[in-house]
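Trainee: My structure is in run.cif, and what it holds is mmCIF, C-alpha atoms and all ligand atoms:
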```cif
data_entry
loop_
_atom_site.label_atom_id
_atom_site.label_comp_id
_atom_site.auth_asym_id
_atom_site.auth_seq_id
_atom_site.Cartn_x
_atom_site.Cartn_y
_atom_site.Cartn_z
CA MET X 138 0.00 0.00 0.00
CA THR X 139 1.42 3.36 -1.01
CA ILE X 140 0.38 6.06 1.41
CA PRO X 141 0.16 9.45 -0.33
CA PRO X 142 2.94 11.80 0.90
CA GLN X 143 0.36 14.61 1.02
CA LEU X 144 -1.48 12.65 3.73
CA ILE X 145 1.70 12.19 5.76
CA SER X 146 2.32 15.97 5.50
CA ARG X 147 -1.19 16.58 6.84
CA PHE X 148 -0.47 14.34 9.83
CA ALA X 149 2.89 16.04 10.41
CA THR X 150 1.20 19.42 10.86
CA ALA X 151 -2.01 18.24 12.58
CA LYS X 152 -2.58 19.16 16.20
CA ARG X 153 -5.97 17.57 16.79
CA VAL X 154 -6.77 14.10 15.48
CA THR X 155 -10.04 12.25 15.91
CA VAL X 156 -10.54 8.59 15.03
CA LEU X 157 -13.82 6.68 14.67
CA THR X 158 -13.49 2.91 14.71
CA GLY X 159 -15.96 0.16 13.93
CA ALA X 160 -16.04 -3.61 13.95
CA GLY X 161 -13.54 -3.86 11.06
CA VAL X 162 -10.68 -2.69 13.29
CA SER X 163 -11.14 -5.85 15.39
CA ALA X 164 -11.73 -8.20 12.42
CA GLU X 165 -8.07 -9.21 12.23
CA SER X 166 -8.20 -10.14 15.93
CA GLY X 167 -10.87 -12.69 15.01
CA VAL X 168 -13.89 -10.70 16.20
CA PRO X 169 -16.71 -10.94 13.64
CA THR X 170 -18.02 -7.72 12.09
CA PHE X 171 -21.77 -7.12 11.73
CA ARG X 172 -22.46 -6.49 8.07
CA ASP X 173 -19.75 -8.29 6.08
CA ALA X 174 -21.68 -10.49 3.68
CA LEU X 175 -20.41 -13.96 4.66
CA THR X 176 -18.74 -13.49 8.03
CA GLY X 177 -20.74 -10.67 9.66
CA LEU X 178 -22.94 -11.43 12.69
CA TRP X 179 -26.01 -10.11 10.88
CA SER X 180 -25.48 -12.67 8.08
CA LYS X 181 -26.22 -15.43 10.64
CA PHE X 182 -28.30 -13.74 13.33
CA ASN X 183 -31.33 -11.44 13.14
CA PRO X 184 -30.63 -8.10 14.90
CA GLU X 185 -34.38 -7.72 15.60
CA GLU X 186 -34.20 -10.88 17.74
CA LEU X 187 -30.96 -10.02 19.54
CA ALA X 188 -30.08 -6.34 19.62
CA THR X 189 -33.27 -4.45 20.47
CA PRO X 190 -35.01 -3.79 23.80
CA GLY X 191 -38.06 -5.67 22.41
CA ALA X 192 -35.92 -8.76 21.75
CA PHE X 193 -34.77 -8.78 25.38
CA PHE X 194 -38.33 -8.29 26.62
CA ARG X 195 -39.61 -11.17 24.46
CA ASN X 196 -36.75 -13.63 24.98
CA PRO X 197 -34.20 -12.50 27.58
CA ASN X 198 -32.59 -15.96 27.82
CA LEU X 199 -31.78 -16.03 24.09
CA VAL X 200 -30.32 -12.52 24.16
CA TRP X 201 -28.28 -13.17 27.33
CA ALA X 202 -26.94 -16.46 25.91
CA TRP X 203 -25.89 -14.74 22.66
CA TYR X 204 -23.93 -12.10 24.57
CA GLU X 205 -22.37 -14.77 26.80
CA TRP X 206 -21.18 -16.53 23.63
CA ARG X 207 -19.63 -13.28 22.40
CA ARG X 208 -18.00 -12.61 25.78
CA LYS X 209 -16.39 -16.06 25.66
CA LEU X 210 -15.12 -15.37 22.12
CA LEU X 211 -13.56 -12.11 23.30
CA LYS X 212 -11.62 -13.91 26.04
CA GLN X 213 -9.76 -15.79 23.29
CA VAL X 214 -8.66 -12.78 21.20
CA GLU X 215 -5.91 -10.18 21.42
CA PRO X 216 -5.53 -6.63 20.11
CA ASN X 217 -4.09 -6.60 16.59
CA PRO X 218 -1.52 -4.27 14.95
CA ALA X 219 -4.22 -1.67 14.15
CA HIS X 220 -5.22 -1.36 17.84
CA LEU X 221 -1.54 -1.18 18.84
CA ALA X 222 -0.72 1.47 16.22
CA LEU X 223 -3.66 3.61 17.40
CA ALA X 224 -2.42 3.39 21.00
CA GLN X 225 0.99 4.66 19.88
CA MET X 226 -0.51 7.35 17.68
CA GLU X 227 -2.36 8.77 20.69
CA ARG X 228 1.01 9.69 22.22
CA MET X 229 2.10 11.69 19.14
CA PHE X 230 -0.58 14.39 19.07
CA SER X 231 -1.47 17.09 21.59
CA GLU X 232 -5.15 16.17 21.21
CA PHE X 233 -6.17 12.67 20.15
CA ASN X 234 -9.72 11.35 20.54
CA LEU X 235 -10.47 7.73 19.82
CA ILE X 236 -14.21 7.22 19.41
CA THR X 237 -15.28 3.61 19.05
CA GLN X 238 -18.54 1.89 18.22
CA ASN X 239 -16.99 -1.37 19.41
CA VAL X 240 -18.00 -2.99 22.67
CA ASP X 241 -14.99 -5.34 22.82
CA GLY X 242 -12.55 -3.27 24.93
CA LEU X 243 -9.63 -4.10 22.60
CA HIS X 244 -8.49 -0.47 22.24
CA GLN X 245 -8.03 -0.19 26.01
CA ARG X 246 -6.28 -3.57 26.10
CA ALA X 247 -3.88 -2.28 23.40
CA GLY X 248 -2.98 0.71 25.59
CA SER X 249 -5.24 3.48 24.27
CA ARG X 250 -6.16 5.83 27.10
CA ASN X 251 -8.61 8.39 25.74
CA VAL X 252 -11.32 6.06 24.40
CA THR X 253 -14.96 7.08 24.07
CA GLU X 254 -17.29 4.08 23.81
CA LEU X 255 -20.43 5.09 21.92
CA HIS X 256 -22.20 1.73 22.08
CA GLY X 257 -21.17 0.59 25.57
CA ASN X 258 -19.01 -2.34 26.60
CA ILE X 259 -19.96 -6.00 26.58
CA ALA X 260 -17.87 -6.69 29.70
CA ARG X 261 -20.33 -4.68 31.79
CA SER X 262 -23.98 -5.39 32.53
CA LYS X 263 -26.75 -3.15 33.75
CA CYS X 264 -30.03 -3.68 35.52
CA SER X 265 -32.81 -3.93 32.93
CA GLU X 266 -35.21 -2.28 35.40
CA GLU X 267 -33.24 0.59 36.92
CA GLY X 268 -30.12 0.88 34.79
CA THR X 269 -27.61 0.33 37.64
CA ILE X 270 -24.20 -0.51 36.13
CA ILE X 271 -22.84 -3.89 37.25
CA ASN X 272 -19.18 -4.68 36.58
CA SER X 273 -19.13 -8.28 37.78
CA TRP X 274 -21.74 -10.87 38.59
CA PRO X 275 -21.78 -14.48 39.77
CA GLU X 276 -21.68 -17.36 37.30
CA THR X 277 -25.30 -18.53 37.03
CA GLY X 278 -25.11 -21.08 34.20
CA THR X 279 -27.97 -20.62 31.77
CA GLU X 280 -29.96 -18.46 34.21
CA ILE X 281 -29.74 -14.68 33.82
CA PRO X 282 -28.12 -13.08 36.87
CA LYS X 283 -30.22 -10.60 38.83
CA CYS X 284 -29.52 -7.08 40.01
CA PRO X 285 -28.17 -7.24 43.58
CA GLN X 286 -30.15 -4.08 44.45
CA CYS X 287 -33.62 -4.63 43.00
CA GLY X 288 -33.68 -8.20 41.67
CA GLY X 289 -34.30 -7.10 38.07
CA LEU X 290 -32.73 -9.10 35.23
CA LEU X 291 -29.27 -8.00 34.16
CA ARG X 292 -28.68 -7.13 30.49
CA PRO X 293 -25.45 -6.26 28.68
CA ASP X 294 -24.43 -2.59 28.98
CA VAL X 295 -24.51 -2.03 25.23
CA VAL X 296 -26.66 0.24 23.05
CA TRP X 297 -29.33 -1.61 21.10
CA PHE X 298 -31.26 -0.32 18.09
CA GLY X 299 -33.86 2.22 19.14
CA GLU X 300 -31.96 3.14 22.31
CA ASP X 301 -30.27 6.47 22.94
CA LEU X 302 -26.49 6.60 22.98
CA PRO X 303 -24.90 7.71 26.28
CA VAL X 304 -25.32 11.49 26.31
CA ALA X 305 -21.84 12.47 27.56
CA GLU X 306 -20.05 10.11 25.14
CA LEU X 307 -22.04 11.35 22.15
CA LYS X 308 -21.31 14.95 23.11
CA THR X 309 -17.58 14.16 23.42
CA ALA X 310 -17.65 12.48 20.00
CA GLU X 311 -19.45 15.37 18.30
CA THR X 312 -17.13 17.94 19.86
CA ALA X 313 -14.09 15.90 18.80
CA ALA X 314 -15.45 15.66 15.24
CA ILE X 315 -16.16 19.39 15.04
CA ASN X 316 -12.78 20.46 16.46
CA CYS X 317 -10.26 18.20 14.74
CA ASP X 318 -7.79 18.86 11.90
CA LEU X 319 -7.83 15.23 10.74
CA PHE X 320 -10.60 12.64 11.09
CA LEU X 321 -9.93 8.95 10.47
CA SER X 322 -12.82 6.56 9.87
CA ILE X 323 -11.50 3.03 10.32
CA GLY X 324 -13.34 -0.26 9.80
CA THR X 325 -16.89 1.00 9.90
CA SER X 326 -19.61 0.65 7.28
CA ALA X 327 -20.96 3.99 8.60
CA GLU X 328 -24.53 2.78 8.28
CA VAL X 329 -25.59 3.14 11.91
CA TYR X 330 -26.55 6.56 13.25
CA PRO X 331 -25.72 8.75 15.02
CA ALA X 332 -22.09 7.45 14.77
CA ALA X 333 -22.30 7.48 10.95
CA GLY X 334 -22.92 11.23 11.09
CA LEU X 335 -19.55 11.97 12.69
CA PRO X 336 -17.29 11.75 9.58
CA PRO X 337 -19.51 14.13 7.55
CA LEU X 338 -19.75 16.43 10.58
CA ALA X 339 -15.94 16.60 10.76
CA ARG X 340 -15.70 17.30 7.04
CA GLN X 341 -18.30 20.09 7.26
CA HIS X 342 -16.02 21.67 9.87
CA GLN X 343 -12.99 21.63 7.57
CA ALA X 344 -11.29 18.46 8.83
CA ILE X 345 -9.35 16.32 6.39
CA LEU X 346 -11.35 13.09 6.17
CA VAL X 347 -9.45 9.80 5.81
CA GLU X 348 -10.98 6.34 5.44
CA ILE X 349 -9.27 2.99 6.07
CA ASN X 350 -11.43 0.11 4.89
CA PRO X 351 -11.02 -2.67 2.28
CA ASP X 352 -14.56 -1.99 1.01
CA VAL X 353 -16.46 1.01 -0.28
CA THR X 354 -18.73 2.60 2.36
CA THR X 355 -21.02 5.59 2.71
CA ILE X 356 -17.89 7.59 3.63
CA THR X 357 -15.69 6.68 0.67
CA LYS X 358 -16.97 9.35 -1.73
CA GLN X 359 -16.66 12.11 0.85
CA ALA X 360 -13.15 11.18 2.03
CA HIS X 361 -10.14 13.27 0.99
CA PHE X 362 -7.94 10.16 1.29
CA VAL X 363 -9.01 6.51 1.04
CA LEU X 364 -6.58 3.82 2.14
CA ALA X 365 -8.31 0.72 0.79
CA GLY X 366 -7.17 -2.32 2.72
CA PRO X 367 -7.11 -4.03 6.10
CA ALA X 368 -6.48 -1.75 9.07
CA GLY X 369 -4.02 -4.23 10.63
CA GLU X 370 -1.73 -3.79 7.62
CA ILE X 371 -2.27 -0.11 6.89
CA MET X 372 -2.16 1.38 10.40
CA PRO X 373 1.41 0.25 11.28
CA GLN X 374 2.66 1.60 7.92
CA LEU X 375 0.86 4.88 8.44
CA LEU X 376 2.24 5.18 11.99
CA ALA X 377 5.82 4.48 10.84
CA GLN X 378 5.64 7.09 8.08
CA ILE X 379 4.18 9.74 10.38
CA GLN X 380 6.89 9.02 12.99
CA GLN X 381 9.52 9.38 10.26
CA ALA X 382 8.04 12.70 9.11
CA ILE X 383 7.74 14.13 12.63
CA SER X 384 11.17 13.09 13.88
CA PRO X 385 13.34 12.12 10.92
CA GLN X 386 16.45 10.05 11.63
CA PRO X 387 19.63 12.17 11.83
CA PRO X 388 22.10 11.55 9.01
CA ILE X 389 24.69 8.87 9.81
CA THR X 390 28.11 10.45 10.51
CA ASP X 391 31.49 8.74 11.06
C1 LIG E 1 -12.51 -3.77 7.75
C2 LIG E 1 -11.76 -4.91 7.93
C3 LIG E 1 -10.39 -4.74 8.22
C4 LIG E 1 -13.78 -5.50 7.52
N1 LIG E 1 -9.88 -3.51 8.31
N2 LIG E 1 -11.99 -2.55 7.86
C5 LIG E 1 -30.89 8.45 11.49
C6 LIG E 1 -31.06 7.99 10.21
C7 LIG E 1 -31.42 6.68 9.97
C8 LIG E 1 -31.62 5.77 11.03
C9 LIG E 1 -31.45 6.22 12.30
C10 LIG E 1 -31.09 7.54 12.52
N3 LIG E 1 -30.98 7.72 13.87
C11 LIG E 1 -31.25 6.56 14.49
C12 LIG E 1 -31.56 5.64 13.57
C13 LIG E 1 -31.91 4.21 13.91
C14 LIG E 1 -30.70 3.33 14.13
C15 LIG E 1 -29.91 3.23 12.82
O1 LIG E 1 -28.93 3.90 12.60
N4 LIG E 1 -30.31 2.35 11.94
C16 LIG E 1 -29.60 2.17 10.67
C17 LIG E 1 -29.18 0.70 10.55
C18 LIG E 1 -30.46 2.65 9.56
N5 LIG E 1 -29.87 3.84 15.20
C19 LIG E 1 -30.17 3.60 16.48
O2 LIG E 1 -31.17 2.96 16.80
C20 LIG E 1 -29.24 4.16 17.53
N6 LIG E 1 -29.98 4.86 18.52
C21 LIG E 1 -30.45 6.11 18.30
O3 LIG E 1 -30.16 6.75 17.33
O4 LIG E 1 -31.28 6.58 19.33
C22 LIG E 1 -32.12 7.69 19.03
C23 LIG E 1 -33.30 7.18 18.22
C24 LIG E 1 -34.03 6.11 18.69
C25 LIG E 1 -35.09 5.63 17.94
C26 LIG E 1 -35.41 6.19 16.71
C27 LIG E 1 -34.64 7.26 16.22
C28 LIG E 1 -33.59 7.76 17.01
C29 LIG E 1 -28.54 3.02 18.28
C30 LIG E 1 -27.63 2.22 17.42
C31 LIG E 1 -27.07 1.06 18.23
C32 LIG E 1 -26.23 0.11 17.39
N7 LIG E 1 -25.99 -1.08 18.14
C33 LIG E 1 -25.10 -2.09 17.56
C34 LIG E 1 -25.06 -3.29 18.55
C35 LIG E 1 -24.20 -2.92 19.76
C36 LIG E 1 -24.15 -4.02 20.75
C37 LIG E 1 -23.50 -5.28 20.23
O5 LIG E 1 -22.32 -5.31 19.87
O6 LIG E 1 -24.22 -6.28 20.20
O7 LIG E 1 -23.78 -1.56 17.37
S1 LIG E 1 -25.59 -2.61 15.93
C38 LIG E 1 -23.93 -2.76 15.30
O8 LIG E 1 -23.71 -1.76 14.27
C39 LIG E 1 -23.00 -2.37 16.47
C40 LIG E 1 -21.96 -1.56 15.78
O9 LIG E 1 -21.29 -0.75 16.71
C41 LIG E 1 -22.75 -0.81 14.75
C42 LIG E 1 -21.90 -0.28 13.60
O10 LIG E 1 -21.35 -1.33 12.88
P1 LIG E 1 -19.86 -1.21 12.30
O11 LIG E 1 -18.92 -1.12 13.43
O12 LIG E 1 -19.80 -0.16 11.29
O13 LIG E 1 -19.67 -2.68 11.68
P2 LIG E 1 -20.09 -3.18 10.21
O14 LIG E 1 -20.10 -4.66 10.28
O15 LIG E 1 -21.31 -2.53 9.73
O16 LIG E 1 -18.91 -2.69 9.28
C43 LIG E 1 -17.60 -3.23 9.39
C44 LIG E 1 -16.73 -2.55 8.36
O17 LIG E 1 -15.40 -3.02 8.56
C45 LIG E 1 -17.10 -2.88 6.92
O18 LIG E 1 -17.18 -1.65 6.16
C46 LIG E 1 -15.92 -3.72 6.41
O19 LIG E 1 -15.61 -3.49 5.04
C47 LIG E 1 -14.81 -3.23 7.28
N8 LIG E 1 -13.70 -4.20 7.50
N9 LIG E 1 -12.48 -6.02 7.76
C48 LIG E 1 -10.62 -2.45 8.12
N10 LIG E 1 -9.50 -5.85 8.39
#
```
Can you turn what I pasted into structure tokens?

Mentor:
Amino acid sequence: MTIPPQLISRFATAKRVTVLTGAGVSAESGVPTFRDALTGLWSKFNPEELATPGAFFRNPNLVWAWYEWRRKLLKQVEPNPAHLALAQMERMFSEFNLITQNVDGLHQRAGSRNVTELHGNIARSKCSEEGTIINSWPETGTEIPKCPQCGGLLRPDVVWFGEDLPVAELKTAETAAINCDLFLSIGTSAEVYPAAGLPPLARQHQAILVEINPDVTTITKQAHFVLAGPAGEIMPQLLAQIQQAISPQPPITD
């Protein structure tokens, strides 16, 4: 992959960088995406039956079991070179906001510090009655654990279709999109709102918009730069070239 030198120059002068990641950034860790035709979760499972409040109301056991299966899968995976490169990139800019739609916690495991989770985190649960956040709960086999305070059923602390995103996180994301010099959209189909509105919002506010994705998305036509390929290959190359541009090696002397 040849990265345009003009893009590296933009990074070298940027002060404020905002990144939006989606499921594709974790694909090379072995975490399935949602909408990829053959391998995405929605090619095998119906989101209406698993990722809506109505689905949980109708069949909480099915929904809980599906999330337990995904939690187990996540215990077997590691951050990949894209997560690691983003964690290093954070340390190179005075302002760096990593906004993720992912619930897998892999950015934090890779060492990223300033992570805004728009769709929650699968490692947490919350009371389905009162919303109390629960960080750990006893192993209950196939039974759904109950809230220690009110006895309500626990549900994963993720954002389902039709639910509002956490207010503070969405505000942080919008502010970071509006105020950045460079906005990277990595591994997202940009089909789910309001997250999908962030790249266009950044562009409207004069940010340089960059997409990293092997496929064409709703962002591709709007992007100033498109790096078409897997994030796990492109991100380390991009990081190395930015590092080289920011602090070039001194010439070798005898
Ligand atoms: C690679 C790669 C590699 C592969 N390297 N890349 C405005 C307009 C229209 C609709 C709406 C709107 N506002 C609200 C809506 C409704 C709805 C919505 O957007 N629907 C659309 C589908 C049309 N939005 C909501 O309901 C949201 N709530 C809301 O807006 O509340 C207010 C409201 C309520 C009611 C009515 C109106 C307003 C909530 C959305 C919650 C999304 N939840 C999920 C599940 C989270 C929990 C869980 O994990 O189970 O979040 S759905 C799923 O999609 C998940 C993801 O975070 C999200 C985005 O998916 P993502 O990350 O983009 O993954 P993919 O699979 O789509 O794409 C992967 C990409 O990676 C692909 O492009 C690949 O090519 C690429 N890739 N390998 C780099 N190696």

Trainee: Fewer than 6 positions away in the same chain doesn't count, so skip those; otherwise give me all residues within 10 Å of Arg250 of chain X, counting all atoms listed in the file, as a PyMOL selection string.

Mentor: chain X and resi 224+227-228+233-235+244

Trainee: Taking all atoms listed in the file and a cut-off of 8 Å, can you tell me which residues surround ligand LIG 1 (chain E), written as a PyMOL selection string?

Mentor: chain X and resi 158-165+169-173+177-178+184+187-188+204+237-241+255-259+295-302+323-333+349-354+366-369

Trainee: Go ahead and dump the residues you just picked, C-alpha atoms, as an mmCIF file, in the frame of the given file.

Mentor:
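File selection-v4.cif, as written:
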```
data_model
loop_
_atom_site.group_PDB
_atom_site.id
_atom_site.type_symbol
_atom_site.label_atom_id
_atom_site.label_comp_id
_atom_site.auth_asym_id
_atom_site.auth_seq_id
_atom_site.Cartn_x
_atom_site.Cartn_y
_atom_site.Cartn_z
ATOM 1 C CA THR X 158 -13.490 2.910 14.710
ATOM 2 C CA GLY X 159 -15.960 0.160 13.930
ATOM 3 C CA ALA X 160 -16.040 -3.610 13.950
ATOM 4 C CA GLY X 161 -13.540 -3.860 11.060
ATOM 5 C CA VAL X 162 -10.680 -2.690 13.290
ATOM 6 C CA SER X 163 -11.140 -5.850 15.390
ATOM 7 C CA ALA X 164 -11.730 -8.200 12.420
ATOM 8 C CA GLU X 165 -8.070 -9.210 12.230
ATOM 9 C CA PRO X 169 -16.710 -10.940 13.640
ATOM 10 C CA THR X 170 -18.020 -7.720 12.090
ATOM 11 C CA PHE X 171 -21.770 -7.120 11.730
ATOM 12 C CA ARG X 172 -22.460 -6.490 8.070
ATOM 13 C CA ASP X 173 -19.750 -8.290 6.080
ATOM 14 C CA GLY X 177 -20.740 -10.670 9.660
ATOM 15 C CA LEU X 178 -22.940 -11.430 12.690
ATOM 16 C CA PRO X 184 -30.630 -8.100 14.900
ATOM 17 C CA LEU X 187 -30.960 -10.020 19.540
ATOM 18 C CA ALA X 188 -30.080 -6.340 19.620
ATOM 19 C CA TYR X 204 -23.930 -12.100 24.570
ATOM 20 C CA THR X 237 -15.280 3.610 19.050
ATOM 21 C CA GLN X 238 -18.540 1.890 18.220
ATOM 22 C CA ASN X 239 -16.990 -1.370 19.410
ATOM 23 C CA VAL X 240 -18.000 -2.990 22.670
ATOM 24 C CA ASP X 241 -14.990 -5.340 22.820
ATOM 25 C CA LEU X 255 -20.430 5.090 21.920
ATOM 26 C CA HIS X 256 -22.200 1.730 22.080
ATOM 27 C CA GLY X 257 -21.170 0.590 25.570
ATOM 28 C CA ASN X 258 -19.010 -2.340 26.600
ATOM 29 C CA ILE X 259 -19.960 -6.000 26.580
ATOM 30 C CA VAL X 295 -24.510 -2.030 25.230
ATOM 31 C CA VAL X 296 -26.660 0.240 23.050
ATOM 32 C CA TRP X 297 -29.330 -1.610 21.100
ATOM 33 C CA PHE X 298 -31.260 -0.320 18.090
ATOM 34 C CA GLY X 299 -33.860 2.220 19.140
ATOM 35 C CA GLU X 300 -31.960 3.140 22.310
ATOM 36 C CA ASP X 301 -30.270 6.470 22.940
ATOM 37 C CA LEU X 302 -26.490 6.600 22.980
ATOM 38 C CA ILE X 323 -11.500 3.030 10.320
ATOM 39 C CA GLY X 324 -13.340 -0.260 9.800
ATOM 40 C CA THR X 325 -16.890 1.000 9.900
ATOM 41 C CA SER X 326 -19.610 0.650 7.280
ATOM 42 C CA ALA X 327 -20.960 3.990 8.600
ATOM 43 C CA GLU X 328 -24.530 2.780 8.280
ATOM 44 C CA VAL X 329 -25.590 3.140 11.910
ATOM 45 C CA TYR X 330 -26.550 6.560 13.250
ATOM 46 C CA PRO X 331 -25.720 8.750 15.020
ATOM 47 C CA ALA X 332 -22.090 7.450 14.770
ATOM 48 C CA ALA X 333 -22.300 7.480 10.950
ATOM 49 C CA ILE X 349 -9.270 2.990 6.070
ATOM 50 C CA ASN X 350 -11.430 0.110 4.890
ATOM 51 C CA PRO X 351 -11.020 -2.670 2.280
ATOM 52 C CA ASP X 352 -14.560 -1.990 1.010
ATOM 53 C CA VAL X 353 -16.460 1.010 -0.280
ATOM 54 C CA THR X 354 -18.730 2.600 2.360
ATOM 55 C CA GLY X 366 -7.170 -2.320 2.720
ATOM 56 C CA PRO X 367 -7.110 -4.030 6.100
ATOM 57 C CA ALA X 368 -6.480 -1.750 9.070
ATOM 58 C CA GLY X 369 -4.020 -4.230 10.630
#
```

Trainee: Between atom CA of Arg261 of chain X and atom CA of Asn196 of chain X, what distance in Å does the model show, to one decimal?

Mentor: 19.9 Å

Trainee: Looking at only C-alpha atoms, which of X:Ile315, X:Asn217, X:Gln143, X:Gly167 is the one that sits closest to Pro373 of chain X?

Mentor: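 The answer is X:Asn217, which sits nearest to Pro373 of chain X.
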
Trainee: Excluding Gln378 of chain X and any residue of its chain fewer than 5 positions from it, enumerate the residues within 12 Å of it, using all atoms listed in the file, and give them as an MDAnalysis selection string.

Mentor: chainID X and resid 139:149 222 226 371:373 383:386

Trainee: One number please: atom CA of Arg340 of chain X to atom CA of Ala151 of chain X, in Å, one decimal.

Mentor: 14.8 Å

Trainee: Determine the nearest neighbour of Leu291 of chain X from the options X:Leu175, X:Ile270, X:Leu211, X:Val304, counting only C-alpha atoms.

Mentor: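 Smallest separation from Leu291 of chain X among the options: X:Ile270.
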
Trainee: Excluding Gln213 of chain X and its own-chain neighbours fewer than 6 positions away, which residues fall within 12 Å of it when counting all atoms listed in the file? Please give them as a PyMOL selection string.

Mentor: chain X and resi 166-168+206-207+241+243

Trainee: Please provide as a list of chain:residue names all residues within 12 Å of Glu186 of chain X, with the sequence filter that same-chain residues fewer than 6 positions apart are discarded (counting only C-alpha atoms).

Mentor: X:Trp179, X:Ala192, X:Phe193, X:Phe194, X:Arg195, X:Asn196, X:Pro197, X:Asn198, X:Leu199, X:Val200, X:Trp201, X:Trp203, X:Trp297, X:Phe298
